[in-house]
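A.B. asks: For reference, the file final.cif (mmCIF, C-alpha atoms) is included below:
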data_run
#
loop_
_atom_site.label_atom_id
_atom_site.label_comp_id
_atom_site.auth_asym_id
_atom_site.auth_seq_id
_atom_site.Cartn_x
_atom_site.Cartn_y
_atom_site.Cartn_z
CA MET A 27 0.00 0.00 0.00
CA HIS A 28 2.76 2.42 1.02
CA ILE A 29 4.74 1.58 -2.12
CA ALA A 30 1.69 2.28 -4.30
CA VAL A 31 1.19 5.68 -2.63
CA LEU A 32 4.88 6.52 -3.07
CA MET A 33 4.79 5.52 -6.74
CA LEU A 34 1.71 7.72 -7.28
CA ALA A 35 3.42 10.66 -5.61
CA LEU A 36 6.51 10.26 -7.78
CA MET A 37 4.38 10.09 -10.92
CA THR A 38 2.58 13.30 -9.91
CA VAL A 39 5.84 15.19 -9.40
CA ALA A 40 7.34 13.79 -12.59
CA GLY A 41 4.64 15.35 -14.78
CA PRO A 42 2.99 13.95 -17.91
CA ALA A 43 4.69 11.10 -19.74
CA TRP A 44 5.08 13.13 -22.94
CA ALA A 45 7.13 15.73 -21.05
CA GLN A 46 9.83 13.25 -20.03
CA ALA A 47 12.46 14.57 -22.42
CA THR A 48 16.21 14.73 -21.91
CA LYS A 49 16.23 18.51 -22.31
CA PRO A 50 13.74 21.38 -21.89
CA LEU A 51 11.63 22.51 -24.83
CA LYS A 52 13.03 25.75 -26.25
CA LEU A 53 10.22 28.28 -26.66
CA VAL A 54 10.01 31.93 -27.69
CA VAL A 55 7.17 34.31 -26.85
CA LEU A 56 7.11 36.81 -29.72
CA GLY A 57 5.04 39.75 -28.59
CA ASP A 58 4.56 43.32 -27.47
CA SER A 59 4.36 45.00 -24.05
CA LEU A 60 1.62 42.61 -22.87
CA SER A 61 4.06 39.70 -22.93
CA ALA A 62 7.20 41.79 -22.38
CA GLY A 63 5.81 42.66 -18.94
CA LEU A 64 5.72 46.46 -19.11
CA GLY A 65 5.55 47.88 -15.59
CA LEU A 66 6.41 44.56 -13.93
CA PRO A 67 9.62 42.95 -12.65
CA ALA A 68 11.02 40.45 -15.18
CA GLN A 69 10.01 37.45 -13.08
CA GLN A 70 6.38 38.58 -13.13
CA ALA A 71 6.11 38.92 -16.92
CA PHE A 72 3.96 36.45 -18.81
CA PRO A 73 6.78 34.23 -20.21
CA ALA A 74 8.43 33.84 -16.80
CA LYS A 75 5.16 33.04 -15.05
CA LEU A 76 4.14 30.62 -17.79
CA GLN A 77 7.48 28.81 -17.52
CA LYS A 78 7.09 28.55 -13.75
CA ALA A 79 3.54 27.20 -14.06
CA LEU A 80 4.65 24.60 -16.59
CA GLN A 81 7.59 23.55 -14.44
CA ALA A 82 5.22 23.10 -11.50
CA LYS A 83 3.45 20.51 -13.65
CA GLY A 84 6.70 18.73 -14.45
CA ILE A 85 7.02 20.22 -17.95
CA ALA A 86 10.53 21.52 -18.54
CA VAL A 87 10.75 24.54 -20.84
CA ASP A 88 13.38 27.14 -21.67
CA MET A 89 11.26 30.23 -22.32
CA THR A 90 12.66 33.33 -24.06
CA ASN A 91 10.80 36.61 -23.63
CA ALA A 92 10.94 38.24 -27.07
CA GLY A 93 8.33 40.87 -26.23
CA VAL A 94 9.06 44.43 -27.35
CA SER A 95 6.92 47.24 -25.97
CA GLY A 96 5.16 49.21 -28.68
CA ASP A 97 5.62 46.56 -31.33
CA THR A 98 2.93 46.08 -33.95
CA SER A 99 2.47 42.88 -35.92
CA SER A 100 4.61 44.41 -38.68
CA GLY A 101 7.33 45.21 -36.13
CA GLY A 102 7.31 41.62 -34.94
CA ARG A 103 7.59 40.40 -38.49
CA ASP A 104 10.53 42.72 -39.21
CA ARG A 105 12.56 41.28 -36.30
CA LEU A 106 11.36 37.70 -36.64
CA ASP A 107 14.63 36.12 -37.76
CA TRP A 108 16.73 37.44 -34.89
CA SER A 109 13.98 37.15 -32.29
CA VAL A 110 13.51 33.46 -33.09
CA PRO A 111 16.98 31.87 -33.27
CA ASP A 112 17.81 28.50 -34.80
CA GLY A 113 17.04 25.68 -32.38
CA THR A 114 13.73 27.20 -31.26
CA GLU A 115 11.14 24.42 -30.93
CA GLY A 116 7.99 26.49 -30.64
CA VAL A 117 6.78 30.09 -30.81
CA ILE A 118 3.85 31.67 -29.00
CA VAL A 119 2.83 34.74 -31.03
CA GLU A 120 1.22 37.54 -29.01
CA LEU A 121 0.93 40.49 -31.38
CA GLY A 122 -1.81 42.83 -32.60
CA ALA A 123 -2.81 44.83 -29.53
CA ASN A 124 -0.93 47.92 -30.73
CA ASP A 125 -2.36 47.50 -34.22
CA ALA A 126 -5.87 47.67 -32.75
CA LEU A 127 -5.09 50.55 -30.38
CA ARG A 128 -3.72 52.61 -33.28
CA GLY A 129 -6.50 51.71 -35.68
CA ILE A 130 -4.11 50.15 -38.19
CA ASP A 131 -5.79 48.69 -41.27
CA PRO A 132 -6.68 45.09 -40.35
CA ASP A 133 -5.48 43.98 -43.79
CA LEU A 134 -1.95 45.06 -42.80
CA THR A 135 -2.19 43.21 -39.48
CA ARG A 136 -3.49 40.10 -41.23
CA ALA A 137 -0.66 40.25 -43.80
CA ALA A 138 2.02 40.63 -41.12
CA LEU A 139 0.70 37.78 -38.97
CA THR A 140 0.29 35.59 -42.05
CA ASP A 141 3.92 36.24 -42.97
CA ILE A 142 5.08 35.40 -39.43
CA VAL A 143 3.22 32.08 -39.39
CA GLN A 144 4.33 31.14 -42.91
CA ARG A 145 7.99 31.94 -42.23
CA LEU A 146 8.02 29.96 -38.99
CA LYS A 147 6.32 27.02 -40.67
CA ALA A 148 8.91 27.17 -43.46
CA ARG A 149 11.53 26.79 -40.72
CA LYS A 150 9.52 23.86 -39.31
CA ILE A 151 8.90 25.73 -36.03
CA PRO A 152 5.44 25.09 -34.54
CA VAL A 153 3.33 28.19 -33.84
CA MET A 154 0.60 29.01 -31.32
CA LEU A 155 -1.42 32.18 -31.88
CA CYS A 156 -2.79 34.40 -29.11
CA GLY A 157 -5.78 36.36 -30.34
CA MET A 158 -6.63 39.97 -29.66
CA LEU A 159 -9.90 41.92 -29.85
CA ALA A 160 -10.31 45.45 -31.17
CA PRO A 161 -11.42 48.17 -28.73
CA PRO A 162 -14.97 49.43 -29.35
CA ASN A 163 -14.00 53.01 -30.23
CA TYR A 164 -13.23 52.21 -33.90
CA GLY A 165 -16.73 50.90 -34.54
CA ALA A 166 -18.35 47.59 -35.38
CA GLU A 167 -17.02 47.30 -38.93
CA TYR A 168 -13.39 47.72 -37.83
CA ALA A 169 -13.90 45.26 -34.98
CA LYS A 170 -15.43 42.70 -37.34
CA ARG A 171 -12.48 42.93 -39.73
CA PHE A 172 -9.87 42.87 -36.97
CA ASN A 173 -11.40 40.22 -34.72
CA SER A 174 -11.72 37.72 -37.56
CA ILE A 175 -7.96 37.71 -38.24
CA TYR A 176 -6.92 35.23 -35.56
CA PRO A 177 -9.58 32.52 -36.00
CA ASP A 178 -9.12 32.77 -39.77
CA LEU A 179 -5.35 32.25 -39.52
CA GLY A 180 -5.71 29.48 -36.94
CA LYS A 181 -7.98 27.61 -39.32
CA LYS A 182 -6.03 28.41 -42.50
CA PHE A 183 -2.66 27.27 -41.15
CA ASP A 184 -3.96 24.64 -38.71
CA VAL A 185 -2.21 26.20 -35.72
CA PRO A 186 -3.53 26.28 -32.15
CA LEU A 187 -5.28 29.49 -31.14
CA TYR A 188 -5.95 30.97 -27.72
CA PRO A 189 -8.82 33.28 -28.75
CA PHE A 190 -8.18 36.34 -26.53
CA PHE A 191 -4.91 36.93 -24.69
CA LEU A 192 -6.53 39.21 -22.07
CA ASP A 193 -9.50 36.94 -21.36
CA GLY A 194 -10.64 37.38 -17.76
CA VAL A 195 -8.43 40.43 -17.27
CA ALA A 196 -9.43 43.11 -19.82
CA ALA A 197 -11.48 46.00 -18.38
CA ASP A 198 -11.07 44.77 -14.79
CA ALA A 199 -9.46 47.67 -12.91
CA LYS A 200 -8.24 45.38 -10.10
CA LEU A 201 -6.25 43.26 -12.56
CA ASN A 202 -4.72 46.06 -14.61
CA GLN A 203 -2.12 48.69 -13.93
CA ALA A 204 -3.01 52.38 -13.75
CA ASP A 205 -3.06 52.70 -17.55
CA GLY A 206 -5.97 50.25 -17.71
CA ILE A 207 -4.19 48.28 -20.44
CA HIS A 208 -1.33 46.29 -18.96
CA PRO A 209 -2.07 43.48 -16.49
CA THR A 210 -0.81 43.47 -12.92
CA ALA A 211 1.08 40.42 -11.64
CA GLU A 212 -2.27 39.03 -10.49
CA GLY A 213 -3.67 39.64 -13.95
CA VAL A 214 -0.78 37.74 -15.51
CA ASP A 215 -1.51 34.82 -13.18
CA ILE A 216 -5.08 34.69 -14.50
CA ILE A 217 -3.90 34.83 -18.12
CA VAL A 218 -1.47 31.97 -17.49
CA GLY A 219 -4.10 29.91 -15.71
CA HIS A 220 -6.67 30.34 -18.47
CA MET A 221 -4.14 29.61 -21.21
CA MET A 222 -2.52 26.55 -19.67
CA PRO A 223 -4.69 23.87 -21.36
CA THR A 224 -3.96 25.36 -24.81
CA VAL A 225 -0.24 25.67 -24.06
CA GLU A 226 -0.01 22.14 -22.69
CA ALA A 227 -1.67 20.71 -25.80
CA PHE A 228 0.72 22.77 -27.96
CA LEU A 229 3.77 21.48 -26.08
CA ARG A 230 2.51 17.90 -26.13
CA ASN A 231 2.40 18.01 -29.92
CA ILE A 232 5.92 19.48 -30.09
CA SER A 233 7.27 16.83 -27.70
CA GLU A 234 5.69 13.99 -29.66
CA GLN A 235 7.24 15.25 -32.89
CA ARG A 236 10.74 15.48 -31.41
#
Would you give me this structure, written as structure tokens?

C.D. replies:
Amino acid sequence: MHIAVLMLALMTVAGPAWAQATKPLKLVVLGDSLSAGLGLPAQQAFPAKLQKALQAKGIAVDMTNAGVSGDTSSGGRDRLDWSVPDGTEGVIVELGANDALRGIDPDLTRAALTDIVQRLKARKIPVMLCGMLAPPNYGAEYAKRFNSIYPDLGKKFDVPLYPFFLDGVAADAKLNQADGIHPTAEGVDIIVGHMMPTVEAFLRNISEQR
């Protein structure tokens, strides 16, 4: 009985069977200030907290924070090659918030994100998309054009999509910094918690293809 309990405890700590690799999965979070962690200590930014949450589940990852504050989707595309070095095994793309805030033509955002996904796929690097929603001040037509980008690309390229990066946090004053845009550390915790099932499925696929 005691041996069975001990074995169960060891299995729990060890994490899922697919995560039992000899080395951590090398991931890059390609994003803007939302993932860069503007206004937060580095260890409280989204990539660091996501890595810690995964490690707590026995999933070893080496997470690079390639978030640049102020970046648009086009900016992320322009720095793609040096932001995602050779040897990267997966990229979480979190871009588009600044496009929406500035009212950039959704066709330009769609083209930039399409290029990012295509170029990563050409390098045989798996991609996970984090969606964004347009603020209401640009009207329903703009929102319709912008909001459709992410589900369309997820379907077109058959890549996993987390529909809205700020789900559960947007517009909640308690979970955002004074600017009302960037999450607090508690807000980041909620984002990580909500996104974990999508990230785990993404990493499982990467691990199985190793």

A.B. asks: Step by step, work through what the PyMOL selection byres ((chain A and resi 75) around 12) selects in the shown file, and finish by giving those residues as a PyMOL selection string.

C.D. replies: chain A and resi 61-63+66-74+76-82+87+89-91+211-219+221-222

A.B. asks: For the structure provided, state which residues fall under the PyMOL selection byres ((chain A and resi 140) around 10), and present them as a list in words.

C.D. replies: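 Here the PyMOL selection byres ((chain A and resi 140) around 10) matches Ser99, Arg103, Leu134, Thr135, Arg136, Ala137, Ala138, Leu139, Asp141, Ile142, Val143, Gln144, Arg145, Ile175, Tyr176, Leu179, Gly180, Lys182 and Phe183 of chain A.
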
A.B. asks: Using only C-alpha atoms, determine which residues lie at most 10 Å from Val119 (chain A), disregarding the query and same-chain residues fewer than 5 positions distant; provide the list as a list in words.

C.D. replies: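 Everything that qualifies: Val54, Val55, Leu56, Gly57, Asp58, Ser61, Ala92, Gly93, Ser99, Gly102, Leu139, Ile142, Val143, Val153, Met154, Leu155, Cys156, Gly157 and Leu187 of chain A.
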
A.B. asks: Quick one: residues within 9 Å of Ala126 (chain A), all atoms listed in the file, excluding same-chain residues fewer than 4 positions away - as a list in words?

C.D. replies: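 Listing them by chain and then by number gives Gly122, Ile130, Asp131, Pro132, Thr135, Met158, Leu159, Ala160, Pro161, Tyr164, Ala169 and Phe172 of chain A.
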
A.B. asks: Could you spell out the hits of the PyMOL selection byres ((chain A and resi 195) around 8) on the shown file, as an MDAnalysis selection string?

C.D. replies: chainID A and resid 192:194 196:198 201:202 209 213 216:217

A.B. asks: Would you put the residues from that selection into a file with C-alpha atoms, as a PDB file, in the coordinates of the input?

C.D. replies:
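As written to disk, selection-v1.pdb reads:
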ATOM      1  CA  LEU A 192      -6.530  39.210 -22.070  1.00  0.00           C
ATOM      2  CA  ASP A 193      -9.500  36.940 -21.360  1.00  0.00           C
ATOM      3  CA  GLY A 194     -10.640  37.380 -17.760  1.00  0.00           C
ATOM      4  CA  ALA A 196      -9.430  43.110 -19.820  1.00  0.00           C
ATOM      5  CA  ALA A 197     -11.480  46.000 -18.380  1.00  0.00           C
ATOM      6  CA  ASP A 198     -11.070  44.770 -14.790  1.00  0.00           C
ATOM      7  CA  LEU A 201      -6.250  43.260 -12.560  1.00  0.00           C
ATOM      8  CA  ASN A 202      -4.720  46.060 -14.610  1.00  0.00           C
ATOM      9  CA  PRO A 209      -2.070  43.480 -16.490  1.00  0.00           C
ATOM     10  CA  GLY A 213      -3.670  39.640 -13.950  1.00  0.00           C
ATOM     11  CA  ILE A 216      -5.080  34.690 -14.500  1.00  0.00           C
ATOM     12  CA  ILE A 217      -3.900  34.830 -18.120  1.00  0.00           C
TER      13      ILE A 217
END

A.B. asks: Using all atoms listed in the file for the distances, tell me which of A:Ala227, A:Ile207, A:Ala148, A:Ala86 is nearest to Tyr188 (chain A).

C.D. replies: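 The shortest atom-to-atom distance to Tyr188 (chain A) comes from A:Ala227.
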
A.B. asks: Measuring atom to atom with only C-alpha atoms, identify which of A:Gly84, A:Pro189, A:Pro152, A:Gly129 is nearest to Val110 (chain A).

C.D. replies: A:Pro152

A.B. asks: So that I can check the surroundings of Lys49 (chain A), please list as a list in words every protein, DNA and RNA residue that reaches within 12 Å of it, counting all atoms listed in the file and ignoring chain neighbours fewer than 5 positions away.

C.D. replies: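 In the requested format, the answer is Ile85, Ala86, Val87, Asp88, Glu115, Ser233 and Arg236 of chain A.
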